[in-house]
Every structure is written in C-alpha cells, then in structure tokens.
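Colleague: This is the structure I have questions about; it appears just below.
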Amino acid sequence: MTDQTMPTALDLPMVDPLPPETQKYFDICVEKLGMIPNVLKANAFDIAKLNAFTGMYNDVMLAESGLSKLEREMIAVVVSSINKCFYCLVAHGAAVRQLSGDPKLGEVLVMNYRMASLDPRQSAMLDFAAKMTIASAEISESDRQGLRDVGFSDRDIWDIANVTGFFNMSNRIASATAMQPNDEYHSQFR
C-alpha cells in the first residue's frame, strides 16, 4: 500500500497552484462527490495529461450514448475485475451500487458477473467486454452480431468497445502506479 496522502506510489505532486479551470473542476468534484477522486489528483502533476484523461473519460462515460450510465459502469467493473485493478473496482463498484440502487449487484460484478441477474442484453454486453479484455484479437463478426441480436446498434458496439478499451488502459496505469482509491468509496451506497 502507498502513503495515503499520495494517490500513487510515484512522487508526482499536483501542480501548485492549480490553474483556475482545474481548481474549479476540483471544487465541483468536492461539491458533487464530497471528494476529489485520487485518479484526478494522480494526473494533476501535468495539467495537459489531466485534461486528456478527463476529456476521454467524459466522452466514454458521460457523452450521449445508447448505453446507460449504469451499463458503462458495469463494463468498467467487469473489465477491472478481470484485470484485478483495485482502484477501479472500488471506485466503479461504488458507482454501480449508486446507479443501480443494488449493493449486491456491485459486489457480484466485482466477483463474477456471470452470477448476476442480468437481462440478455447486459449479459451479451459484458461477455463482449470480457472477451475484448482477455482476447481482443479473437473478436469476430459473430461477436458483433451477437450484440446486434440483443438490440445494440453499431454505434452502441463502438461505445462498448471504447469503454472497454479505456478501462483496460486505465486499469494498467492504476495498477502500475499502485493508485489508491479514496477511502470514501469503500462505504458508499451499501
């Protein structure tokens, strides 16, 4: 475990002072979340890197999509479970609990998503994300067609792939740097 005052095991302190736009963004985080997520603090040693990270995150997780916010968070948890990313399992597990109103769903997705009571659409989506995480080169037209068969559009498939890809990248960075989740996440929405 790293020093809890630092978001990662790397000695990369946040820019001080933060640019006004960044400080405003962090103030909004405190107002809405009650904290500044450590992933943001970790990236704040370089404001261009922070802006690139938040821009991509906001695009894949918050932009208009045929996927609900909950579905995107479910993908984040399943990918993070396969990759054993402590930070993302804790943070996005809390988001699944919040968005679903079901603490059990957040836990089962962390442990084994195949045990969850999911509809066929969600099961197919998570199977695709899992296959992409484990063996992306093995994705074939039949996998994409399987998603279409349960109601996903080609745009939705793009979004599933982008959320999956984003979390595969961020899981690896979080694990490599020993990124620690904020303590607040552990008890949220239980």
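By convention in this document, the chains of the structure tokens carry letters A, B, ... by their order, each chain's residues are numbered from 1, and ligands are numbered from 1 in the order they are shown.
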Report as a PyMOL selection string all protein, DNA and RNA residues lying within 12 Å of stretch 130-141 of chain A, evaluated on only C-alpha atoms, omitting residues in the same chain fewer than 2 positions from it.

Modeller: chain A and resi 74-84+109+112-114+123-128+143-149+154+157+160-169+171-172

Colleague: Pick the closest to A:Cys85 from A:Ile28, A:Ala63, A:Val110, A:Leu50: which is it, counting only C-alpha atoms?

Modeller: A:Val110

Colleague: Which is closer to A:Pro37 than all the others in A:Gly55, A:Gly106, A:Gly66, A:Pro7, using only C-alpha atoms?

Modeller: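 Ranking A:Gly55, A:Gly106, A:Gly66, A:Pro7 by distance to A:Pro37, first place goes to A:Pro7.
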
Colleague: Compare A:Gly101, A:Ser68, A:Thr22, A:Gly151 by their minimum atom-to-atom distance to A:Lys49, counting only C-alpha atoms, and give me the closest one.

Modeller: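 Comparing A:Gly101, A:Ser68, A:Thr22, A:Gly151 against A:Lys49, the winner is A:Thr22.
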
Colleague: Provide the atom CA of A:Ala174 to atom CA of A:Thr8 distance in Å, to one decimal place.

Modeller: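 These two atoms are separated by 8.0 Å.
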
Colleague: As an exercise, work out the distance from atom CA of A:Thr177 to atom CA of A:Val96 in Å and give it to one decimal place.

Modeller: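 Separation between atom CA of A:Thr177 and atom CA of A:Val96: 24.2 Å.
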
Colleague: If we count only C-alpha atoms and set the cut-off at 10 Å, which residues sit around A:Glu184, ignoring sequence neighbours fewer than 4 positions away in its own chain? Please answer as a PyMOL selection string.

Modeller: chain A and resi 33-35+37+90-91+94+188

Colleague: From the options A:Pro181, A:Ser117, A:Val30, A:Trp158, which residue's atoms come nearest to A:Val60, counting only C-alpha atoms?

Modeller: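 Smallest distance to A:Val60 is found for A:Trp158.
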